[in-house]
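Working notes, beginning with the structure itself.
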Amino acid sequence: MHARRILANIVCLVALAAVPMLGGCNIFGWAMSAVPEHVKAQHVPPTTPMLVLVENRVNPGSMVAESDELTGFIMDELATYKVAPLIELKKLYELRDREAGIDKMTITQIGKAVGAQQVLYVDLQRLNVGETEPGIPAHGRVDATVHLVDVKTGKTMFPTMGQADWPINLETAISDSIQRTNAGALREAMLRKAGTAIGQLFHDYTVM
């Protein structure tokens, strides 16, 4: 029995010594990378009614459908983590219907009109899906900026330190899987990813 135990220990030592030759660094590197990473929120908003407002700041009449879709994805992320009570989108739609000059209203005016105490404002600057041929995407890109406004004071609560907006820039890599994807599906997936990224600014999360 004693001899068998010694033999087992020798086998184990030989196996460990062989790890570097078998790509041990990669094995240990994978083990380290597999450890979950806890990411803290960039900003924790107050738990007061929040309006999520997405538009193209330069031309509010453009990308309306895309802005509404991104709004939904952001709200899903915020609601899942109970970041703050959210103003229903129908209140914003009702305001659009009765206020012909809504494009001229300030962020705080819109917030007050729908009963919000803070507005998460997203400027959707670009959503582009390039195609190698009709319907076949080659690459995609989303560019947006984010800031959180206190409706009562009009001051920016996030970002701080004098930064006007927080940039969100997402770009797909060209791959066979993307080229097999429908362009519309890729556009939706990129908006969903952007919505998640924006929501994650305001709650802790874990990266696996």
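The chains in the structure tokens are called A, B, ... from first to last as shown; in each chain the residues are counted from 1, and the ligands are counted from 1 in the order shown.
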
(request) Run DSSP on the backbone and grab whatever in region 108-207 of chain A lands in strand (DSSP E); send it over as a count of residues only. (result) 43

(request) Find the residues near Lys152 (chain A): any atom within 10 Å, counting only C-alpha atoms, skip ones fewer than 5 places away on the same chain, and give them as a PyMOL selection string. (result) chain A and resi 108-109+111-112+116-118

(message) Report, in Å with one decimal, the straight-line distance from CA of Ala113 (chain A) to CA of Val83 (chain A).
(response)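 Straight-line distance from CA of Ala113 (chain A) to CA of Val83 (chain A) works out to 21.6 Å.
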
(request) Find the residue from A:Ala100, A:Met50, A:Leu92, A:Leu170 that sits nearest to Thr145 (chain A); use only C-alpha atoms when measuring. (result)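 Looking only at the distances to Thr145 (chain A), the closest residue turns out to be A:Leu170.
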
(request) To one decimal in Å, tell me the separation between CA of His38 (chain A) and CA of Met208 (chain A). (result)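 CA of Met208 (chain A) lies 8.9 Å from CA of His38 (chain A).
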
(request) Would you kindly return, as a list in words, each protein, DNA or RNA residue with an atom no farther than 8 Å from any atom of Asp204 (chain A), considering only C-alpha atoms and excluding same-chain residues fewer than 2 positions away? (result)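 My reading of the contact set: His38, Val39, Lys40, Ala41, Gln200, Phe202 and Thr206 of chain A.
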
Suppose we keep N, CA and C atoms; can you now write the selection as a compact mmCIF listing (two decimals), in the first residue's frame?
```txt
# COMPACT_ATOMS: atom_id res chain seq x y z
N HIS A 38 -16.86 41.10 -11.50
CA HIS A 38 -17.96 41.93 -11.01
C HIS A 38 -17.70 43.38 -11.41
N VAL A 39 -18.62 43.97 -12.15
CA VAL A 39 -18.47 45.33 -12.65
C VAL A 39 -19.44 46.25 -11.91
N LYS A 40 -18.91 47.32 -11.35
CA LYS A 40 -19.74 48.27 -10.62
C LYS A 40 -20.42 49.25 -11.58
N ALA A 41 -21.58 49.74 -11.18
CA ALA A 41 -22.30 50.75 -11.96
C ALA A 41 -21.47 52.01 -12.09
N GLN A 200 -26.50 48.94 -18.41
CA GLN A 200 -25.46 48.49 -17.48
C GLN A 200 -24.65 49.63 -16.87
N PHE A 202 -25.87 51.79 -15.19
CA PHE A 202 -26.58 52.20 -13.99
C PHE A 202 -26.88 51.08 -13.01
N THR A 206 -22.28 41.15 -13.67
CA THR A 206 -21.18 40.20 -13.67
C THR A 206 -20.86 39.76 -15.09
```

(request) Point out the residue among A:Ser62, A:Thr160, A:Thr47, A:Asn169 with the least atom-to-atom distance to Leu86 (chain A), counting only C-alpha atoms. (result)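 Of all the options, A:Thr47 lies closest to Leu86 (chain A).
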
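For the pair CA of Met190 (chain A) and CA of Asp97 (chain A), the interatomic distance is 28.7 Å.
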
(request) For Tyr121 (chain A), list every protein, DNA or RNA residue within 12 Å, evaluated using only C-alpha atoms, and leave out those in the same chain fewer than 4 positions away; present the list as a PyMOL selection string. (result) chain A and resi 50-57+67+70-71+74+106-108+110-111+144-151+156-159+164-166+198-199
